[in-house]
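run_8.pdb, holding PDB, C-alpha atoms:
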```pdb
ATOM      1  CA  MET A   1     -22.283 -51.943 -18.404
ATOM      2  CA  ASN A   2     -19.025 -50.110 -18.309
ATOM      3  CA  THR A   3     -18.072 -49.448 -14.684
ATOM      4  CA  HIS A   4     -15.048 -47.933 -13.056
ATOM      5  CA  ASP A   5     -14.229 -48.203  -9.381
ATOM      6  CA  HIS A   6     -11.589 -45.440  -9.409
ATOM      7  CA  ASP A   7      -9.291 -47.475  -7.209
ATOM      8  CA  HIS A   8      -6.411 -45.837  -8.950
ATOM      9  CA  GLY A   9      -5.072 -42.985  -6.816
ATOM     10  CA  ASP A  10      -4.659 -40.669  -9.797
ATOM     11  CA  CYS A  11      -8.347 -40.984 -10.654
ATOM     12  CA  ARG A  12      -9.414 -40.054  -7.118
ATOM     13  CA  GLN A  13      -7.011 -37.113  -7.104
ATOM     14  CA  LEU A  14      -8.359 -35.980 -10.467
ATOM     15  CA  LEU A  15     -11.971 -36.249  -9.355
ATOM     16  CA  LYS A  16     -11.795 -33.654  -6.594
ATOM     17  CA  ASP A  17     -10.311 -31.042  -8.938
ATOM     18  CA  LEU A  18     -12.650 -31.573 -11.873
ATOM     19  CA  SER A  19     -15.025 -28.679 -11.261
ATOM     20  CA  ASP A  20     -12.139 -26.255 -10.854
ATOM     21  CA  TYR A  21     -10.644 -27.718 -14.034
ATOM     22  CA  ILE A  22     -13.735 -27.250 -16.188
ATOM     23  CA  ASP A  23     -14.328 -23.776 -14.683
ATOM     24  CA  GLY A  24     -10.783 -22.748 -15.627
ATOM     25  CA  ASP A  25      -9.928 -22.118 -11.967
ATOM     26  CA  LEU A  26      -7.166 -24.697 -11.673
ATOM     27  CA  ASP A  27      -3.441 -24.056 -11.532
ATOM     28  CA  GLU A  28      -1.788 -24.679 -14.911
ATOM     29  CA  THR A  29       0.498 -27.396 -13.530
ATOM     30  CA  LEU A  30      -2.510 -29.364 -12.284
ATOM     31  CA  CYS A  31      -4.281 -28.851 -15.612
ATOM     32  CA  VAL A  32      -1.327 -30.426 -17.408
ATOM     33  CA  GLU A  33      -1.411 -33.365 -14.970
ATOM     34  CA  ILE A  34      -5.120 -33.874 -15.551
ATOM     35  CA  GLU A  35      -4.758 -33.720 -19.316
ATOM     36  CA  ARG A  36      -1.862 -36.176 -19.243
ATOM     37  CA  HIS A  37      -3.922 -38.526 -17.061
ATOM     38  CA  MET A  38      -6.922 -38.289 -19.388
ATOM     39  CA  ASN A  39      -4.780 -39.376 -22.323
ATOM     40  CA  ASP A  40      -4.196 -42.672 -20.515
ATOM     41  CA  CYS A  41      -7.554 -43.080 -18.749
ATOM     42  CA  ASP A  42     -10.606 -43.298 -20.950
ATOM     43  CA  ASN A  43     -13.008 -43.412 -18.002
ATOM     44  CA  CYS A  44     -11.727 -40.128 -16.604
ATOM     45  CA  ARG A  45     -11.888 -38.548 -20.053
ATOM     46  CA  VAL A  46     -15.555 -39.516 -20.236
ATOM     47  CA  VAL A  47     -16.236 -38.180 -16.723
ATOM     48  CA  VAL A  48     -14.650 -34.824 -17.582
ATOM     49  CA  ASP A  49     -16.528 -34.627 -20.877
ATOM     50  CA  THR A  50     -19.912 -35.517 -19.390
ATOM     51  CA  LEU A  51     -19.415 -33.269 -16.357
ATOM     52  CA  ARG A  52     -18.709 -30.385 -18.730
ATOM     53  CA  LYS A  53     -21.803 -31.322 -20.747
ATOM     54  CA  THR A  54     -23.862 -31.423 -17.546
ATOM     55  CA  VAL A  55     -22.890 -27.839 -16.728
ATOM     56  CA  SER A  56     -23.519 -26.720 -20.329
ATOM     57  CA  LEU A  57     -26.950 -28.324 -20.450
ATOM     58  CA  TYR A  58     -28.087 -26.527 -17.300
ATOM     59  CA  HIS A  59     -26.567 -23.301 -18.557
ATOM     60  CA  ASP A  60     -28.846 -23.642 -21.614
ATOM     61  CA  LEU A  61     -31.962 -24.456 -19.590
ATOM     62  CA  PRO A  62     -34.441 -21.662 -20.346
ATOM     63  CA  ALA A  63     -35.655 -19.704 -17.332
ATOM     64  CA  THR A  64     -39.363 -19.613 -16.587
ATOM     65  CA  PRO A  65     -40.297 -15.931 -16.462
ATOM     66  CA  MET A  66     -42.427 -14.736 -13.563
ATOM     67  CA  PRO A  67     -46.020 -14.922 -14.852
ATOM     68  CA  ALA A  68     -47.824 -11.576 -15.061
ATOM     69  CA  GLU A  69     -50.452 -12.685 -12.549
ATOM     70  CA  VAL A  70     -47.733 -13.659 -10.060
ATOM     71  CA  GLU A  71     -46.164 -10.206 -10.400
ATOM     72  CA  GLU A  72     -49.610  -8.656  -9.961
ATOM     73  CA  ARG A  73     -50.192 -10.525  -6.700
ATOM     74  CA  LEU A  74     -46.675  -9.600  -5.593
ATOM     75  CA  PHE A  75     -47.395  -5.912  -6.189
ATOM     76  CA  ARG A  76     -50.633  -6.214  -4.232
ATOM     77  CA  CYS A  77     -49.020  -7.909  -1.253
ATOM     78  CA  LEU A  78     -46.361  -5.163  -1.181
ATOM     79  CA  ASP A  79     -49.065  -2.477  -1.124
ATOM     80  CA  LEU A  80     -48.105  -1.437  -4.674
ATOM     81  CA  GLU A  81     -51.550  -1.837  -6.288
ATOM     82  CA  ALA A  82     -51.065   1.438  -8.136
ATOM     83  CA  PHE A  83     -48.388  -0.212 -10.293
ATOM     84  CA  VAL A  84     -50.392  -3.313 -11.209
ATOM     85  CA  GLY A  85     -50.513  -3.646 -14.967
ATOM     86  CA  ALA A  86     -47.740  -1.100 -15.573
ATOM     87  CA  GLU A  87     -46.166  -1.748 -18.948
ATOM     88  CA  ARG A  88     -43.434  -4.351 -18.943
TER      89      ARG A  88
ATOM     90  CA  MET B   1     -56.317  -0.998 -16.802
ATOM     91  CA  ALA B   2     -52.751   0.027 -16.051
ATOM     92  CA  GLY B   3     -52.152   2.403 -13.184
ATOM     93  CA  LEU B   4     -48.897   4.273 -12.663
ATOM     94  CA  THR B   5     -45.987   3.584 -14.959
ATOM     95  CA  ILE B   6     -42.669   2.167 -13.764
ATOM     96  CA  ASP B   7     -39.681   4.136 -15.039
ATOM     97  CA  LEU B   8     -36.674   1.862 -14.686
ATOM     98  CA  ASN B   9     -34.358   4.688 -15.758
ATOM     99  CA  LEU B  10     -35.400   7.084 -13.013
ATOM    100  CA  TYR B  11     -32.598   6.040 -10.678
ATOM    101  CA  ALA B  12     -29.118   6.666 -12.015
ATOM    102  CA  ASP B  13     -27.526   3.814 -10.065
ATOM    103  CA  GLU B  14     -28.170   1.319  -7.301
ATOM    104  CA  ALA B  15     -27.150   3.760  -4.578
ATOM    105  CA  THR B  16     -29.812   6.207  -5.765
ATOM    106  CA  LEU B  17     -32.389   3.422  -5.864
ATOM    107  CA  ILE B  18     -31.455   2.347  -2.321
ATOM    108  CA  ASP B  19     -31.777   5.938  -1.069
ATOM    109  CA  ALA B  20     -35.248   6.088  -2.599
ATOM    110  CA  LEU B  21     -36.181   2.735  -1.019
ATOM    111  CA  LEU B  22     -34.992   4.010   2.371
ATOM    112  CA  SER B  23     -37.198   7.076   2.035
ATOM    113  CA  GLY B  24     -40.209   4.800   1.475
ATOM    114  CA  ASP B  25     -40.590   5.644  -2.228
ATOM    115  CA  LYS B  26     -43.144   3.157  -3.593
ATOM    116  CA  HIS B  27     -41.994   3.708  -7.163
ATOM    117  CA  ALA B  28     -38.501   2.596  -6.109
ATOM    118  CA  CYS B  29     -39.971  -0.546  -4.587
ATOM    119  CA  ALA B  30     -41.909  -1.254  -7.802
ATOM    120  CA  CYS B  31     -38.659  -0.752  -9.754
ATOM    121  CA  MET B  32     -36.828  -3.228  -7.553
ATOM    122  CA  VAL B  33     -39.577  -5.802  -8.087
ATOM    123  CA  ARG B  34     -39.653  -5.217 -11.834
ATOM    124  CA  GLN B  35     -35.859  -5.377 -12.173
ATOM    125  CA  HIS B  36     -35.196  -8.389  -9.947
ATOM    126  CA  GLY B  37     -38.527 -10.191  -9.526
ATOM    127  CA  SER B  38     -38.098 -12.633 -12.399
ATOM    128  CA  GLN B  39     -34.593 -13.677 -11.317
ATOM    129  CA  MET B  40     -35.795 -14.279  -7.764
ATOM    130  CA  TYR B  41     -38.817 -16.190  -9.022
ATOM    131  CA  ALA B  42     -36.520 -18.380 -11.155
ATOM    132  CA  VAL B  43     -34.359 -19.243  -8.137
ATOM    133  CA  ALA B  44     -37.397 -19.912  -5.950
ATOM    134  CA  LEU B  45     -38.930 -22.143  -8.617
ATOM    135  CA  ARG B  46     -35.753 -24.192  -9.063
ATOM    136  CA  ILE B  47     -35.275 -24.660  -5.324
ATOM    137  CA  MET B  48     -38.920 -25.365  -4.467
ATOM    138  CA  GLY B  49     -39.873 -27.231  -7.660
ATOM    139  CA  ASP B  50     -43.432 -25.915  -7.380
ATOM    140  CA  PRO B  51     -44.886 -22.681  -8.859
ATOM    141  CA  ASP B  52     -47.258 -21.983  -5.942
ATOM    142  CA  GLU B  53     -44.499 -22.394  -3.386
ATOM    143  CA  ALA B  54     -42.147 -20.322  -5.526
ATOM    144  CA  GLU B  55     -44.712 -17.514  -5.493
ATOM    145  CA  ASP B  56     -44.971 -17.717  -1.696
ATOM    146  CA  VAL B  57     -41.172 -17.592  -1.437
ATOM    147  CA  VAL B  58     -40.931 -14.526  -3.680
ATOM    148  CA  GLN B  59     -43.631 -12.751  -1.665
ATOM    149  CA  ASP B  60     -41.857 -13.608   1.606
ATOM    150  CA  ALA B  61     -38.561 -12.424   0.136
ATOM    151  CA  PHE B  62     -39.733  -9.070  -1.172
ATOM    152  CA  ILE B  63     -41.769  -8.308   1.960
ATOM    153  CA  SER B  64     -38.617  -9.027   3.937
ATOM    154  CA  ALA B  65     -36.397  -7.011   1.577
ATOM    155  CA  CYS B  66     -38.669  -3.978   1.607
ATOM    156  CA  GLY B  67     -38.877  -4.189   5.408
ATOM    157  CA  LYS B  68     -35.165  -4.341   6.044
ATOM    158  CA  VAL B  69     -33.635  -2.338   3.251
ATOM    159  CA  ALA B  70     -31.883  -0.278   5.958
ATOM    160  CA  SER B  71     -29.764  -3.362   6.700
ATOM    161  CA  PHE B  72     -28.435  -3.437   3.130
ATOM    162  CA  GLU B  73     -24.891  -2.168   3.555
ATOM    163  CA  GLY B  74     -24.007  -1.856  -0.111
ATOM    164  CA  ARG B  75     -21.016  -4.178   0.161
ATOM    165  CA  SER B  76     -22.560  -6.512  -2.397
ATOM    166  CA  LYS B  77     -24.807  -5.874  -5.365
ATOM    167  CA  LEU B  78     -28.510  -5.408  -4.624
ATOM    168  CA  SER B  79     -29.211  -8.565  -6.647
ATOM    169  CA  THR B  80     -26.819 -10.630  -4.483
ATOM    170  CA  TRP B  81     -28.567  -9.341  -1.355
ATOM    171  CA  LEU B  82     -31.950 -10.262  -2.851
ATOM    172  CA  TYR B  83     -30.677 -13.703  -3.871
ATOM    173  CA  ARG B  84     -29.609 -14.212  -0.261
ATOM    174  CA  ILE B  85     -33.014 -13.248   1.105
ATOM    175  CA  THR B  86     -34.846 -15.337  -1.504
ATOM    176  CA  THR B  87     -32.661 -18.405  -0.972
ATOM    177  CA  ASN B  88     -33.110 -18.133   2.793
ATOM    178  CA  ALA B  89     -36.867 -17.840   2.361
ATOM    179  CA  ALA B  90     -36.886 -20.938   0.140
ATOM    180  CA  LEU B  91     -34.735 -22.999   2.518
ATOM    181  CA  MET B  92     -36.924 -21.905   5.451
ATOM    182  CA  ARG B  93     -40.005 -23.186   3.637
ATOM    183  CA  LEU B  94     -38.268 -26.468   2.847
ATOM    184  CA  ARG B  95     -37.467 -26.851   6.541
ATOM    185  CA  LYS B  96     -41.139 -26.359   7.417
ATOM    186  CA  ARG B  97     -42.152 -28.814   4.698
ATOM    187  CA  ARG B  98     -40.015 -31.585   6.125
ATOM    188  CA  ASP B  99     -41.166 -33.342   9.241
ATOM    189  CA  ASP B 100     -37.860 -34.984  10.011
ATOM    190  CA  THR B 101     -34.947 -33.393  11.796
ATOM    191  CA  VAL B 102     -32.368 -33.684   9.062
ATOM    192  CA  SER B 103     -30.421 -30.446   8.779
ATOM    193  CA  LEU B 104     -30.682 -28.679   5.451
ATOM    194  CA  ASP B 105     -27.602 -26.631   6.146
ATOM    195  CA  GLU B 106     -25.063 -29.266   5.278
ATOM    196  CA  PRO B 107     -24.961 -31.563   2.301
ATOM    197  CA  GLN B 108     -26.371 -34.973   3.123
ATOM    198  CA  ILE B 109     -23.825 -36.808   1.013
ATOM    199  CA  GLY B 110     -21.352 -38.075   3.551
ATOM    200  CA  GLU B 111     -19.343 -40.967   2.260
ATOM    201  CA  GLU B 112     -16.658 -40.128  -0.233
ATOM    202  CA  GLY B 113     -17.556 -43.288  -2.100
ATOM    203  CA  GLU B 114     -20.983 -41.903  -2.938
ATOM    204  CA  LEU B 115     -19.319 -39.263  -5.068
ATOM    205  CA  LEU B 116     -17.373 -41.657  -7.233
ATOM    206  CA  PRO B 117     -18.590 -41.759 -10.825
ATOM    207  CA  ARG B 118     -20.436 -44.964 -11.701
ATOM    208  CA  GLN B 119     -21.839 -44.107 -15.114
ATOM    209  CA  LEU B 120     -18.990 -44.093 -17.595
ATOM    210  CA  GLY B 121     -20.551 -44.170 -21.050
ATOM    211  CA  ASP B 122     -20.292 -41.337 -23.581
ATOM    212  CA  TRP B 123     -23.275 -39.034 -24.191
ATOM    213  CA  GLU B 124     -24.507 -38.465 -27.708
ATOM    214  CA  ILE B 125     -25.488 -34.856 -27.198
ATOM    215  CA  ASP B 126     -23.873 -31.600 -28.176
ATOM    216  CA  PRO B 127     -24.945 -28.869 -25.722
ATOM    217  CA  GLY B 128     -25.184 -25.419 -27.204
ATOM    218  CA  ARG B 129     -25.791 -26.741 -30.724
ATOM    219  CA  GLN B 130     -29.220 -28.214 -30.263
ATOM    220  CA  ALA B 131     -32.324 -27.175 -28.365
ATOM    221  CA  LEU B 132     -33.238 -29.257 -25.341
ATOM    222  CA  SER B 133     -36.177 -31.593 -25.843
ATOM    223  CA  SER B 134     -39.036 -31.254 -23.380
ATOM    224  CA  GLU B 135     -38.330 -34.785 -22.156
ATOM    225  CA  LEU B 136     -34.689 -33.957 -21.412
ATOM    226  CA  ARG B 137     -35.711 -30.697 -19.692
ATOM    227  CA  GLN B 138     -38.006 -32.690 -17.425
ATOM    228  CA  VAL B 139     -35.232 -35.164 -16.604
ATOM    229  CA  MET B 140     -32.914 -32.237 -15.804
ATOM    230  CA  GLU B 141     -35.485 -30.503 -13.596
ATOM    231  CA  GLU B 142     -36.256 -33.692 -11.674
ATOM    232  CA  ALA B 143     -32.539 -34.284 -11.200
ATOM    233  CA  VAL B 144     -32.123 -30.842  -9.590
ATOM    234  CA  GLU B 145     -35.110 -31.470  -7.322
ATOM    235  CA  SER B 146     -33.512 -34.723  -6.179
ATOM    236  CA  LEU B 147     -30.470 -32.888  -4.793
ATOM    237  CA  PRO B 148     -30.217 -32.161  -1.058
ATOM    238  CA  PRO B 149     -31.370 -28.535  -0.554
ATOM    239  CA  ALA B 150     -27.933 -27.168   0.365
ATOM    240  CA  LEU B 151     -26.403 -28.588  -2.817
ATOM    241  CA  ARG B 152     -29.422 -27.559  -4.871
ATOM    242  CA  ALA B 153     -29.195 -23.934  -3.732
ATOM    243  CA  ALA B 154     -25.465 -23.763  -4.550
ATOM    244  CA  PHE B 155     -25.995 -25.284  -7.998
ATOM    245  CA  VAL B 156     -29.018 -23.125  -8.865
ATOM    246  CA  LEU B 157     -27.258 -19.883  -7.947
ATOM    247  CA  ARG B 158     -23.913 -20.687  -9.567
ATOM    248  CA  ASP B 159     -24.717 -22.827 -12.603
ATOM    249  CA  ILE B 160     -28.293 -21.949 -13.501
ATOM    250  CA  GLN B 161     -28.515 -18.280 -12.479
ATOM    251  CA  GLY B 162     -24.891 -17.690 -13.425
ATOM    252  CA  LEU B 163     -23.688 -15.944 -10.272
ATOM    253  CA  SER B 164     -19.933 -15.843  -9.750
ATOM    254  CA  THR B 165     -18.450 -18.103  -7.082
ATOM    255  CA  GLN B 166     -18.043 -15.055  -4.819
ATOM    256  CA  GLU B 167     -21.631 -13.875  -5.330
ATOM    257  CA  ALA B 168     -23.116 -17.348  -4.797
ATOM    258  CA  ALA B 169     -21.040 -17.793  -1.630
ATOM    259  CA  GLU B 170     -22.224 -14.395  -0.353
ATOM    260  CA  ALA B 171     -25.836 -15.242  -1.153
ATOM    261  CA  LEU B 172     -25.549 -18.479   0.843
ATOM    262  CA  ASP B 173     -23.411 -16.904   3.588
ATOM    263  CA  ILE B 174     -20.730 -19.559   3.218
ATOM    264  CA  SER B 175     -17.070 -19.425   2.206
ATOM    265  CA  GLU B 176     -16.074 -19.706  -1.431
ATOM    266  CA  THR B 177     -14.346 -22.992  -0.599
ATOM    267  CA  ALA B 178     -17.560 -24.394   0.882
ATOM    268  CA  LEU B 179     -19.508 -23.152  -2.146
ATOM    269  CA  LYS B 180     -17.107 -24.945  -4.491
ATOM    270  CA  VAL B 181     -17.413 -28.197  -2.523
ATOM    271  CA  ARG B 182     -21.215 -28.075  -2.667
ATOM    272  CA  LEU B 183     -21.191 -27.144  -6.341
ATOM    273  CA  HIS B 184     -18.839 -29.999  -7.210
ATOM    274  CA  ARG B 185     -20.956 -32.533  -5.313
ATOM    275  CA  ALA B 186     -24.095 -31.233  -6.976
ATOM    276  CA  ARG B 187     -22.541 -31.474 -10.447
ATOM    277  CA  LEU B 188     -21.292 -35.022  -9.872
ATOM    278  CA  ALA B 189     -24.705 -36.112  -8.589
ATOM    279  CA  LEU B 190     -26.477 -34.482 -11.543
ATOM    280  CA  ARG B 191     -24.032 -36.060 -13.994
ATOM    281  CA  GLU B 192     -24.932 -39.486 -12.609
ATOM    282  CA  ARG B 193     -28.660 -38.754 -12.899
ATOM    283  CA  LEU B 194     -28.415 -37.414 -16.437
ATOM    284  CA  ALA B 195     -26.152 -40.295 -17.477
ATOM    285  CA  GLY B 196     -29.015 -42.669 -16.741
ATOM    286  CA  TYR B 197     -30.948 -40.911 -19.488
ATOM    287  CA  LEU B 198     -28.268 -39.725 -21.913
ATOM    288  CA  THR B 199     -25.816 -42.632 -22.112
ATOM    289  CA  GLY B 200     -26.286 -44.302 -25.470
ATOM    290  CA  HIS B 201     -29.446 -42.269 -26.009
ATOM    291  CA  PRO B 202     -29.048 -40.069 -29.124
ATOM    292  CA  GLN B 203     -30.815 -36.736 -28.757
ATOM    293  CA  GLU B 204     -33.131 -35.600 -31.516
ATOM    294  CA  MET B 205     -33.403 -31.954 -32.334
ATOM    295  CA  ALA B 206     -36.275 -30.437 -30.371
ATOM    296  CA  PRO B 207     -39.242 -29.480 -32.578
TER     297      PRO B 207
END
```
Represent the structure of the file as structure tokens.
Amino acid sequence: MNTHDHDHGDCRQLLKDLSDYIDGDLDETLCVEIERHMNDCDNCRVVVDTLRKTVSLYHDLPATPMPAEVEERLFRCLDLEAFVGAER
Amino acid sequence: MAGLTIDLNLYADEATLIDALLSGDKHACACMVRQHGSQMYAVALRIMGDPDEAEDVVQDAFISACGKVASFEGRSKLSTWLYRITTNAALMRLRKRRDDTVSLDEPQIGEEGELLPRQLGDWEIDPGRQALSSELRQVMEEAVESLPPALRAAFVLRDIQGLSTQEAAEALDISETALKVRLHRARLALRERLAGYLTGHPQEMAP
């Protein structure tokens, strides 16, 4: 299995900034440094790519809507019985 | 048979809705539930990982919100305030569920070395271009449930519910810097978990 111990100082430095990098919150100078490093470090390129994919996958995860019966019980416990069954 | 109707357009803006809530207007309360209930249920479900407990959390949260609407100062959006109450209710229930004394307030990942990436293979998946298979969804949901609660809450609010960094930090009553640290740790941990499933595992289109 391909492993990487990130002993290299640049890799460790890169790691702590990765979320800011993929969120577009990182200073441009640091972005250039990261991109230059990724050109030389295949492991870090993979980590950035798969971290970005991780965020994208969860972004695409469909939400489970609140079931109608759960909303009905919620209305009842809030003393809002009169609104039970009101059109969605 | 349906009772009264809920007119979501009755209140021109949040301030008007809050005024109505303060005056004890039940229709305003029903509006708040209808407008925000599903989002709060989604957060509760992701944090608790159990539909029955999520329902209890949402009931706790809205009872609390309706009871202390006077404390809403309008400095944040109503939804952010509700996210805060709901997240607190969920974390409170997790505390009761656990019989150990481990704090849920701080991430339990301590050693820097635990955060270092170990899985370094490419993933044969193209998010956004293909639907998620039910098997992958299950892997993703279990991965979130495996996170320490403090990291889970940060990730759910920011990356699943799509709150801004500022809103998620407000909802958790932590600084934006602390939110970013928790979010980053959560993402790295999830990446490792998903890598175990996705590395060298081509994804078929979901049926």
For stretch 86-92 of chain B: contacts at 10 Å, all atoms listed in the file, fewer than 5 positions along chain excluded, given as a ChimeraX atom specification = /B:39-41,43-48,53-54,56-62,64-65,80-81,97,104-105,149-150,153-154,156-157,171-173
Which residues fall under the PyMOL selection byres ((chain B) within 9 of (chain A)) in this file, as a ChimeraX atom specification?
-> /B:1-6,26-27,29-30,33-34,37-42,45,55,58-59,62-63,66,116-123,125-128,131-132,137,140,159-162,180-181,183-184,187-188,190-191,194-195
What gap, in Å, lies between atom CA of B:Leu22 and atom CA of A:Glu72?
->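 Answer for the atom CA of B:Leu22 to atom CA of A:Glu72 separation: 22.9 Å.
Pairwise distance (atom CA of A:Gly24, atom CA of B:Thr165) equals 12.4 Å.
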